[in-house]
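**Student:** Pasting structure.txt here (compact mmCIF, C-alpha atoms and all ligand atoms):
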```txt
# COMPACT_ATOMS: atom_id res chain seq x y z
CA MET A 1 -8.00 7.53 2.61
CA THR A 2 -10.40 8.26 5.46
CA ILE A 3 -9.30 7.21 8.91
CA ALA A 4 -12.05 6.90 11.48
CA PRO A 5 -11.27 8.02 15.02
CA GLY A 6 -11.07 5.26 17.61
CA PRO A 7 -12.01 5.27 21.26
CA VAL A 8 -10.04 7.03 23.93
CA GLY A 9 -9.34 4.78 26.88
CA VAL A 10 -7.70 5.06 30.27
CA LEU A 11 -6.93 1.61 31.60
CA ASP A 12 -6.19 -0.19 34.79
CA ARG A 13 -2.60 0.62 35.69
CA ASP A 14 -1.53 -2.66 37.27
CA MET A 15 -2.65 -4.67 34.26
CA SER A 16 -1.02 -2.20 31.96
CA ALA A 17 2.37 -2.48 33.69
CA THR A 18 2.51 -6.21 32.99
CA SER A 19 1.46 -5.64 29.38
CA LEU A 20 3.98 -2.85 28.87
CA LEU A 21 6.77 -4.99 30.23
CA THR A 22 5.85 -7.74 27.78
CA ILE A 23 5.76 -5.33 24.84
CA PHE A 24 9.08 -3.81 25.89
CA SER A 25 10.76 -7.21 26.33
CA GLU A 26 9.59 -8.36 22.89
CA ALA A 27 10.71 -5.07 21.31
CA LYS A 28 14.13 -5.38 22.94
CA THR A 29 14.53 -8.91 21.59
CA CYS A 30 13.66 -7.71 18.07
CA LEU A 31 16.18 -4.86 18.34
CA GLU A 32 18.95 -7.12 19.61
CA GLN A 33 18.40 -9.51 16.71
CA ALA A 34 18.24 -6.73 14.12
CA CYS A 35 21.29 -4.85 15.42
CA GLY A 36 23.54 -7.91 15.15
CA ASP A 37 27.24 -7.00 15.35
CA ASP A 38 26.98 -3.62 13.65
CA PRO A 39 28.72 -1.26 16.14
CA LEU A 40 26.47 1.75 15.42
CA LEU A 41 23.29 -0.27 15.81
CA ARG A 42 24.66 -2.32 18.67
CA ASP A 43 25.21 0.88 20.66
CA VAL A 44 21.45 1.40 20.75
CA SER A 45 20.62 -2.04 22.10
CA ASN A 46 23.55 -1.86 24.56
CA ARG A 47 22.26 1.40 25.99
CA ILE A 48 18.78 -0.04 26.41
CA TYR A 49 20.30 -3.07 28.09
CA MET A 50 22.00 -0.78 30.66
CA MET A 51 18.76 0.96 31.67
CA GLU A 52 16.98 0.14 34.88
CA ILE A 53 13.73 -1.56 33.97
CA SER A 54 11.02 -2.81 36.30
CA GLU A 55 7.33 -3.56 36.16
CA GLU A 56 6.91 -1.33 39.22
CA GLY A 57 8.32 1.63 37.29
CA MET A 58 5.72 1.14 34.54
CA LYS A 59 2.69 1.57 36.78
CA GLY A 60 2.26 5.30 36.19
CA VAL A 61 1.56 5.07 32.46
CA THR A 62 -1.97 5.64 31.16
CA GLY A 63 -2.82 3.88 27.91
CA CYS A 64 -4.56 5.79 25.14
CA ILE A 65 -5.28 5.36 21.43
CA PRO A 66 -6.67 8.75 20.40
CA THR A 67 -7.26 7.92 16.71
CA HIS A 68 -6.13 5.67 13.82
CA SER A 69 -7.20 2.44 15.57
CA ASP A 70 -8.06 0.67 12.29
CA LEU A 71 -4.76 1.75 10.79
CA LEU A 72 -2.82 0.50 13.79
CA ASN A 73 -4.63 -2.85 13.68
CA ALA A 74 -3.89 -3.18 9.97
CA ALA A 75 -0.22 -2.41 10.56
CA ILE A 76 0.09 -4.98 13.34
CA ALA A 77 -1.67 -7.59 11.17
CA SER A 78 0.93 -6.89 8.44
CA MET A 79 3.92 -7.66 10.68
CA PRO A 80 5.59 -10.84 9.36
CA ASP A 81 5.10 -13.79 11.72
CA ASP A 82 8.47 -15.33 10.93
CA LYS A 83 10.39 -12.29 12.20
CA PHE A 84 8.21 -10.67 14.83
CA SER A 85 5.73 -13.23 16.18
CA GLY A 86 6.26 -12.36 19.87
CA LEU A 87 6.04 -8.60 19.40
CA LYS A 88 3.14 -8.94 16.97
CA SER A 89 1.16 -10.98 19.47
CA ALA A 90 1.97 -8.58 22.33
CA LEU A 91 0.92 -5.54 20.30
CA ALA A 92 -2.24 -7.23 19.02
CA THR A 93 -3.50 -7.85 22.55
CA ASP A 94 -1.95 -5.00 24.54
CA LYS A 95 -1.32 -2.00 22.25
CA GLN A 96 -3.99 -0.03 24.13
CA HIS A 97 -1.76 0.08 27.21
CA LEU A 98 0.72 2.28 25.34
CA HIS A 99 0.12 6.04 25.23
CA TRP A 100 -0.26 6.75 21.50
CA ARG A 101 0.02 10.32 20.27
CA VAL A 102 -0.36 12.12 16.96
CA ASP A 103 2.54 14.47 16.23
CA GLU A 104 1.15 17.85 15.30
CA GLY A 105 4.52 19.47 14.84
CA ARG A 106 6.04 18.90 18.27
CA TYR A 107 9.26 17.58 16.77
CA TYR A 108 9.54 20.32 14.13
CA ALA A 109 10.16 24.05 14.07
CA GLU A 110 6.92 26.05 14.01
CA GLY A 111 5.41 26.25 10.52
CA ALA A 112 7.61 23.48 9.07
CA ASP A 113 6.20 22.14 5.79
CA VAL A 114 5.77 18.50 6.83
CA GLY A 115 2.85 18.03 4.44
CA ALA A 116 -0.77 16.99 4.91
CA GLY A 117 0.07 13.30 4.49
CA TYR A 118 2.27 13.28 7.57
CA LYS A 119 -0.06 15.48 9.62
CA GLU A 120 -3.10 13.32 8.91
CA GLY A 121 -1.48 9.90 9.01
CA ASN A 122 1.08 9.72 11.83
CA MET A 123 0.99 8.31 15.34
CA HIS A 124 3.63 7.17 17.82
CA ALA A 125 3.93 5.63 21.27
CA LEU A 126 7.02 5.83 23.45
CA LEU A 127 8.52 2.98 25.46
CA ILE A 128 11.46 5.06 26.69
CA GLY A 129 11.33 8.83 27.15
CA SER A 130 10.71 11.52 29.69
CA GLU A 131 6.92 11.94 29.69
CA ASN A 132 4.25 9.31 30.50
CA CYS A 133 6.61 6.54 29.33
CA PRO A 134 7.09 3.03 30.73
CA ILE A 135 10.84 3.68 31.08
CA LYS A 136 12.19 7.08 32.03
CA ALA A 137 15.23 8.58 30.34
CA GLU A 138 16.24 12.21 29.88
CA ASP A 139 17.95 12.16 26.48
CA PHE A 140 16.89 8.95 24.79
CA LEU A 141 13.71 7.90 22.98
CA LEU A 142 12.51 4.46 21.98
CA GLY A 143 9.06 3.91 20.60
CA PHE A 144 6.73 2.79 17.84
CA PHE A 145 6.02 4.99 14.84
CA LEU A 146 3.04 4.57 12.49
CA LEU A 147 2.38 6.12 9.08
CA ALA A 148 -0.68 5.64 6.87
CA PRO A 149 -0.40 4.00 3.43
CA ARG A 150 0.54 6.28 0.52
CA THR A 151 2.23 8.84 2.77
CA LEU A 152 5.38 10.71 1.83
CA TYR A 153 7.28 11.49 5.00
CA ARG A 154 9.12 14.42 3.49
CA ASP A 155 12.88 14.94 3.44
CA HIS A 156 14.13 16.10 6.81
CA SER A 157 17.13 15.96 9.10
CA HIS A 158 17.86 16.25 12.81
CA LEU A 159 20.77 16.24 15.20
CA ALA A 160 19.58 13.13 16.99
CA PRO A 161 21.16 9.89 15.72
CA GLU A 162 18.24 7.70 14.71
CA LEU A 163 17.63 3.98 14.38
CA TYR A 164 14.59 2.54 12.63
CA LEU A 165 13.60 -1.09 12.78
CA PRO A 166 10.66 -1.41 10.38
CA LEU A 167 8.11 -3.98 11.51
CA THR A 168 6.22 -3.86 8.22
CA GLY A 169 7.31 -3.43 4.62
CA PRO A 170 8.27 -2.86 1.94
CA HIS A 171 8.58 0.95 1.96
CA GLY A 172 10.91 3.37 0.19
CA TRP A 173 13.73 5.49 1.62
CA ARG A 174 16.10 8.04 0.19
CA PHE A 175 19.08 9.64 1.85
CA ASP A 176 20.56 13.08 1.09
CA GLN A 177 17.92 13.36 -1.65
CA GLY A 178 19.41 10.51 -3.68
CA ASP A 179 17.59 7.66 -5.41
CA TRP A 180 14.75 5.80 -3.73
CA GLU A 181 15.54 2.38 -2.31
CA ASP A 182 13.07 -0.17 -0.94
CA PHE A 183 13.49 -1.76 2.49
CA GLU A 184 11.73 -4.80 3.92
CA ALA A 185 10.41 -5.42 7.41
CA GLY A 186 13.36 -6.24 9.66
CA GLN A 187 15.98 -4.25 7.72
CA ALA A 188 17.40 -1.75 10.24
CA ILE A 189 18.16 1.79 9.09
CA TYR A 190 20.60 4.13 10.85
CA ASN A 191 20.41 7.87 10.19
CA ALA A 192 23.54 9.66 11.37
CA PRO A 193 23.14 13.22 12.74
CA GLY A 194 22.33 15.66 9.94
CA VAL A 195 21.64 13.05 7.23
CA VAL A 196 18.62 14.12 5.17
CA HIS A 197 16.13 11.28 4.84
CA ALA A 198 12.62 10.69 3.51
CA THR A 199 10.25 7.73 3.57
CA ARG A 200 7.49 6.79 1.18
CA VAL A 201 4.82 4.36 2.31
CA TYR A 202 3.12 2.09 -0.22
CA ASP A 203 -0.08 0.06 0.37
CA ILE A 204 1.00 -1.48 3.66
CA PRO A 205 1.00 0.89 6.65
CA PHE A 206 4.44 1.70 7.99
CA LEU A 207 5.02 0.57 11.56
CA ALA A 208 8.52 0.70 13.05
CA LEU A 209 10.46 0.75 16.23
CA PHE A 210 12.54 3.91 16.34
CA ALA A 211 15.22 5.22 18.68
CA TRP A 212 16.77 8.65 19.12
CA THR A 213 19.92 8.16 21.12
CA ARG A 214 20.78 11.77 22.09
CA ASP A 215 19.96 15.42 21.31
CA ILE A 216 16.27 14.62 21.43
CA GLY A 217 15.36 18.24 22.12
CA SER A 218 16.76 19.47 18.82
CA ALA A 219 13.99 20.19 16.29
CA CYS A 220 13.70 18.33 12.98
CA ARG A 221 14.43 20.45 9.92
CA VAL A 222 12.35 19.93 6.77
CA VAL A 223 14.52 20.07 3.65
CA PRO A 224 12.41 21.25 0.67
CA THR A 225 12.69 19.16 -2.46
CA ASP A 226 11.20 19.97 -5.88
CA ASP A 227 9.70 16.55 -6.50
CA TRP A 228 7.35 16.29 -3.47
CA PRO A 229 4.18 16.95 -5.53
CA GLU A 230 5.24 14.33 -8.08
CA VAL A 231 6.10 11.69 -5.46
CA GLU A 232 2.87 12.31 -3.55
CA ALA A 233 0.78 12.14 -6.75
CA GLU A 234 2.48 8.88 -7.72
CA LEU A 235 1.75 7.32 -4.32
CA HIS A 236 -1.92 8.21 -4.65
CA ARG A 237 -2.11 6.86 -8.24
CA ALA A 238 -0.71 3.48 -7.18
FE FE A 301 14.30 11.00 11.13
```
Let me see the file written as structure tokens.
**Tutor:**
Amino acid sequence: MTIAPGPVGVLDRDMSATSLLTIFSEAKTCLEQACGDDPLLRDVSNRIYMMEISEEGMKGVTGCIPTHSDLLNAAIASMPDDKFSGLKSALATDKQHLHWRVDEGRYYAEGADVGAGYKEGNMHALLIGSENCPIKAEDFLLGFFLLAPRTLYRDHSHLAPELYLPLTGPHGWRFDQGDWEDFEAGQAIYNAPGVVHATRVYDIPFLALFAWTRDIGSACRVVPTDDWPEVEAELHRA
């Protein structure tokens, strides 16, 4: 799949603060609904609830979509209206106010074998974090994560406890290199520290909210698995 680069834009900051607050509020509502009464998941939404949030604090963020604009639009269009109408609408009109970045290995040890699929087809934007984020926090991340169709996000683990709320689906997951299991949009996934996990993306781009709730400075560790070539070939045959 060829992904054409999109425009780089730096936008008016006052307008962007209002837009970012709307996106954040909609994302928070989706998380609260998805976390339900599960204590592990609920901890994430409770911690977000405790953070100091203001439109004023969001004024320093510069919006940017460096690449993958078509992919991002396709992902947003694939979000189900019955579950995510508010967030879908906010992202459709205001996604350019977020600072999107491609991960080129920042979260991994140098030379980690993340695979070409991940390198060429990932992008994320943070809502909560320490750097150019709408909400500042030192050891907590909340953001959006995008993967291109037919990508294998290879088996890996990290110290940070991780919550995913997929906004599109279905897509496949496996844990501790077990059997693949499909998840739908709206089905939250919690990865405890050290759990090895992998994701395979089918025809619909993967877009999710994700949170790392501590130990965000600890690098991800790729866990080599013999079947990567087979899984990647199968995704491209489909
Ligand atoms: Fe992870």
**Student:** Would you give me, as JSON lines, each residue of chain A having an atom within 9 Å of an atom of ligand FE 301 (chain A), along with its shortest atom pair and that distance in Å to one decimal, using all atoms listed in the file and sorting by chain and residue number?
**Tutor:**
```
{"residue": "A:Asp155", "atom": "CA", "partner": "A:FE301", "partner_atom": "FE", "distance": 8.8}
{"residue": "A:His156", "atom": "CA", "partner": "A:FE301", "partner_atom": "FE", "distance": 6.7}
{"residue": "A:Ser157", "atom": "CA", "partner": "A:FE301", "partner_atom": "FE", "distance": 6.1}
{"residue": "A:His158", "atom": "CA", "partner": "A:FE301", "partner_atom": "FE", "distance": 6.6}
{"residue": "A:Ala160", "atom": "CA", "partner": "A:FE301", "partner_atom": "FE", "distance": 8.2}
{"residue": "A:Pro161", "atom": "CA", "partner": "A:FE301", "partner_atom": "FE", "distance": 8.3}
{"residue": "A:Glu162", "atom": "CA", "partner": "A:FE301", "partner_atom": "FE", "distance": 6.3}
{"residue": "A:Leu163", "atom": "CA", "partner": "A:FE301", "partner_atom": "FE", "distance": 8.4}
{"residue": "A:Tyr164", "atom": "CA", "partner": "A:FE301", "partner_atom": "FE", "distance": 8.6}
{"residue": "A:Asn191", "atom": "CA", "partner": "A:FE301", "partner_atom": "FE", "distance": 6.9}
{"residue": "A:Val195", "atom": "CA", "partner": "A:FE301", "partner_atom": "FE", "distance": 8.6}
{"residue": "A:Val196", "atom": "CA", "partner": "A:FE301", "partner_atom": "FE", "distance": 8.0}
{"residue": "A:His197", "atom": "CA", "partner": "A:FE301", "partner_atom": "FE", "distance": 6.6}
{"residue": "A:Ala198", "atom": "CA", "partner": "A:FE301", "partner_atom": "FE", "distance": 7.8}
{"residue": "A:Phe210", "atom": "CA", "partner": "A:FE301", "partner_atom": "FE", "distance": 9.0}
{"residue": "A:Trp212", "atom": "CA", "partner": "A:FE301", "partner_atom": "FE", "distance": 8.7}
{"residue": "A:Cys220", "atom": "CA", "partner": "A:FE301", "partner_atom": "FE", "distance": 7.6}
```
**Student:** Anything within 8 Å of (10.0, -3.3, 11.3): list those residues as a list in words, counting only C-alpha atoms and sticking to the file's coordinates.
**Tutor:** Met79, Tyr164, Leu165, Pro166, Leu167, Thr168, Gly169, Glu184, Ala185, Gly186, Gln187, Ala188, Leu207, Ala208 and Leu209 of chain A
**Student:** Restricting it to C-alpha atoms, dump the selection as a PDB file, in the frame of the given file.
**Tutor:**
```
ATOM      1  CA  MET A  79       3.920  -7.660  10.680  1.00  0.00           C
ATOM      2  CA  TYR A 164      14.590   2.540  12.630  1.00  0.00           C
ATOM      3  CA  LEU A 165      13.600  -1.090  12.780  1.00  0.00           C
ATOM      4  CA  PRO A 166      10.660  -1.410  10.380  1.00  0.00           C
ATOM      5  CA  LEU A 167       8.110  -3.980  11.510  1.00  0.00           C
ATOM      6  CA  THR A 168       6.220  -3.860   8.220  1.00  0.00           C
ATOM      7  CA  GLY A 169       7.310  -3.430   4.620  1.00  0.00           C
ATOM      8  CA  GLU A 184      11.730  -4.800   3.920  1.00  0.00           C
ATOM      9  CA  ALA A 185      10.410  -5.420   7.410  1.00  0.00           C
ATOM     10  CA  GLY A 186      13.360  -6.240   9.660  1.00  0.00           C
ATOM     11  CA  GLN A 187      15.980  -4.250   7.720  1.00  0.00           C
ATOM     12  CA  ALA A 188      17.400  -1.750  10.240  1.00  0.00           C
ATOM     13  CA  LEU A 207       5.020   0.570  11.560  1.00  0.00           C
ATOM     14  CA  ALA A 208       8.520   0.700  13.050  1.00  0.00           C
ATOM     15  CA  LEU A 209      10.460   0.750  16.230  1.00  0.00           C
TER      16      LEU A 209
END
```
**Student:** Env of Ile128 of chain A: 7 Å cut, atoms = all atoms listed in the file, seq-sep filter 4 positions within chain, self excluded. Answer as a ChimeraX atom specification.
**Tutor:** /A:133-137,140-143
**Student:** Restricting the calculation to only C-alpha atoms, which member of A:Gln177, A:Arg214, A:Gly111, A:Gly36 is positioned closest to Asp226 of chain A?
**Tutor:** A:Gln177
**Student:** Give me the residues near Ala125 of chain A as a PyMOL selection string, where near means some atom within 8 Å (using all atoms listed in the file) and where sequence neighbours in that chain fewer than 5 positions away do not count.
**Tutor:** chain A and resi 98-101+143-145
**Student:** Please report the interatomic distance between atom CA of Pro149 of chain A and atom CA of Ile204 of chain A in Å with one decimal.
**Tutor:**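 Computing the Euclidean distance for atom CA of Pro149 of chain A and atom CA of Ile204 of chain A yields 5.7 Å.
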**Student:** May I ask for the distance between atom CA of Leu159 of chain A and atom CA of Ala192 of chain A, given in Å to one decimal place?
**Tutor:**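 Computing it gives 8.1 Å between the two atoms.
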**Student:** Name the residues within 9 Å of (11.8, 21.0, 23.0), counting all atoms listed in the file in the file's coordinates, and put them as an NGL selection string.
**Tutor:** :A and (106-107 or 216-219)
**Student:** Give me the box for segment 191-195 of chain A as JSON, namely the centre and edge lengths in Å to one decimal of a box along x, y and z that holds every listed atom plus 8 Å on each side.
**Tutor:**
```
{"center_x": 22.0, "center_y": 11.8, "center_z": 10.0, "size_x": 19.1, "size_y": 23.8, "size_z": 21.5}
```
**Student:** Hey, which of A:Ser130, A:Ala74, A:Met58, A:Pro39 ends up closest to Tyr190 of chain A? Count all atoms listed in the file.
**Tutor:**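 Under the stated criterion, the closest residue is A:Pro39.
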**Student:** Quick one: of A:Glu55, A:Leu41, A:His171, A:Ile48, who's nearest to Asp203 of chain A, counting all atoms listed in the file?
**Tutor:**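 Nearest candidate to Asp203 of chain A out of A:Glu55, A:Leu41, A:His171, A:Ile48: A:His171.
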**Student:** Between atom CA of Phe175 of chain A and atom CA of Glu104 of chain A, measure the distance and give it in Å to one decimal.
**Tutor:**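 For atom CA of Phe175 of chain A relative to atom CA of Glu104 of chain A, the distance reads 23.9 Å.
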**Student:** I'd like the contact shell of Ser45 of chain A - 8 Å cut-off, all atoms listed in the file, skipping same-chain residues fewer than 2 positions apart - returned as a count of residues only.
**Tutor:** 10
**Student:** Within 10 Å of Trp228 of chain A, counting all atoms listed in the file, which residues show up once you throw out same-chain ones fewer than 6 positions away? Write them as an MDAnalysis selection string, please.
**Tutor:** chainID A and resid 115 152:155 234
**Student:** Write the residues of the preceding selection, restricted to C-alpha atoms, as a CSV table (one decimal), in the frame of the given file.
**Tutor:**
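Saved to out-v9.csv:
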```
chain,number,residue,atom,x,y,z
A,115,GLY,CA,2.8,18.0,4.4
A,152,LEU,CA,5.4,10.7,1.8
A,153,TYR,CA,7.3,11.5,5.0
A,154,ARG,CA,9.1,14.4,3.5
A,155,ASP,CA,12.9,14.9,3.4
A,234,GLU,CA,2.5,8.9,-7.7
```
**Student:** So, with all atoms listed in the file as the atoms that count, which of A:Leu21, A:Cys64, A:Leu91, A:Met123 lies closest to Asp103 of chain A?
**Tutor:**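 Result for the nearest residue to Asp103 of chain A: A:Met123.
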**Student:** Hey, which of A:Thr151, A:Ser54, A:Asn73, A:Asn122 ends up closest to Ser89 of chain A? Count only C-alpha atoms.
**Tutor:**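 Comparing A:Thr151, A:Ser54, A:Asn73, A:Asn122 against Ser89 of chain A, the winner is A:Asn73.
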**Student:** Mind running segment 124-234 of chain A against segment 67-71 of chain A at 9 Å and telling me each contacting residue's nearest atom pair with the distance in Å (one decimal), counting all atoms listed in the file, chain and number ascending, as a tab-separated table?
**Tutor:**
```
residue	atom	partner	partner_atom	distance
A:Leu146	CA	A:Leu71	CA	8.5
A:Leu147	CA	A:Leu71	CA	8.5
A:Ala148	CA	A:Leu71	CA	6.9
A:Pro149	CA	A:Leu71	CA	8.8
A:Pro205	CA	A:Leu71	CA	7.1
```
**Student:** Take segment 170-193 of chain A, bring it up to N, CA and C atoms, and give me the output as a CSV table (one decimal), in the frame of the given file.
**Tutor:**
```
chain,number,residue,atom,x,y,z
A,170,PRO,N,7.2,-3.8,2.2
A,170,PRO,CA,8.3,-2.9,1.9
A,170,PRO,C,7.8,-1.4,2.0
A,171,HIS,N,8.8,-0.5,2.0
A,171,HIS,CA,8.6,1.0,2.0
A,171,HIS,C,9.9,1.5,1.4
A,172,GLY,N,9.8,2.8,0.9
A,172,GLY,CA,10.9,3.4,0.2
A,172,GLY,C,11.6,4.4,1.1
A,173,TRP,N,12.9,4.5,0.9
A,173,TRP,CA,13.7,5.5,1.6
A,173,TRP,C,14.7,6.2,0.6
A,174,ARG,N,15.0,7.4,0.9
A,174,ARG,CA,16.1,8.0,0.2
A,174,ARG,C,16.9,8.9,1.2
A,175,PHE,N,18.2,9.0,0.9
A,175,PHE,CA,19.1,9.6,1.8
A,175,PHE,C,19.8,10.7,1.1
A,176,ASP,N,19.9,11.9,1.7
A,176,ASP,CA,20.6,13.1,1.1
A,176,ASP,C,20.0,13.3,-0.3
A,177,GLN,N,18.7,13.1,-0.4
A,177,GLN,CA,17.9,13.4,-1.6
A,177,GLN,C,18.4,12.6,-2.9
A,178,GLY,N,19.0,11.4,-2.6
A,178,GLY,CA,19.4,10.5,-3.7
A,178,GLY,C,18.3,9.7,-4.2
A,179,ASP,N,18.6,8.5,-4.8
A,179,ASP,CA,17.6,7.7,-5.4
A,179,ASP,C,16.8,6.9,-4.3
A,180,TRP,N,15.6,6.6,-4.7
A,180,TRP,CA,14.8,5.8,-3.7
A,180,TRP,C,15.2,4.4,-3.7
A,181,GLU,N,15.1,3.8,-2.5
A,181,GLU,CA,15.5,2.4,-2.3
A,181,GLU,C,14.5,1.7,-1.4
A,182,ASP,N,14.1,0.5,-1.8
A,182,ASP,CA,13.1,-0.2,-0.9
A,182,ASP,C,13.7,-1.0,0.2
A,183,PHE,N,13.1,-1.0,1.3
A,183,PHE,CA,13.5,-1.8,2.5
A,183,PHE,C,12.3,-2.7,2.9
A,184,GLU,N,12.7,-3.8,3.4
A,184,GLU,CA,11.7,-4.8,3.9
A,184,GLU,C,11.6,-4.7,5.4
A,185,ALA,N,10.5,-5.3,6.0
A,185,ALA,CA,10.4,-5.4,7.4
A,185,ALA,C,11.6,-6.1,8.0
A,186,GLY,N,12.2,-5.6,9.0
A,186,GLY,CA,13.4,-6.2,9.7
A,186,GLY,C,14.7,-5.7,9.2
A,187,GLN,N,14.7,-4.8,8.2
A,187,GLN,CA,16.0,-4.2,7.7
A,187,GLN,C,16.2,-2.9,8.5
A,188,ALA,N,17.2,-2.9,9.4
A,188,ALA,CA,17.4,-1.8,10.2
A,188,ALA,C,18.0,-0.6,9.4
A,189,ILE,N,17.7,0.6,9.8
A,189,ILE,CA,18.2,1.8,9.1
A,189,ILE,C,18.7,2.7,10.1
A,190,TYR,N,20.0,3.2,9.9
A,190,TYR,CA,20.6,4.1,10.8
A,190,TYR,C,20.8,5.5,10.1
A,191,ASN,N,20.2,6.5,10.7
A,191,ASN,CA,20.4,7.9,10.2
A,191,ASN,C,21.4,8.6,11.1
A,192,ALA,N,22.6,8.9,10.6
A,192,ALA,CA,23.5,9.7,11.4
A,192,ALA,C,23.1,11.1,11.5
A,193,PRO,N,23.6,11.8,12.5
A,193,PRO,CA,23.1,13.2,12.7
A,193,PRO,C,23.3,14.0,11.5
```
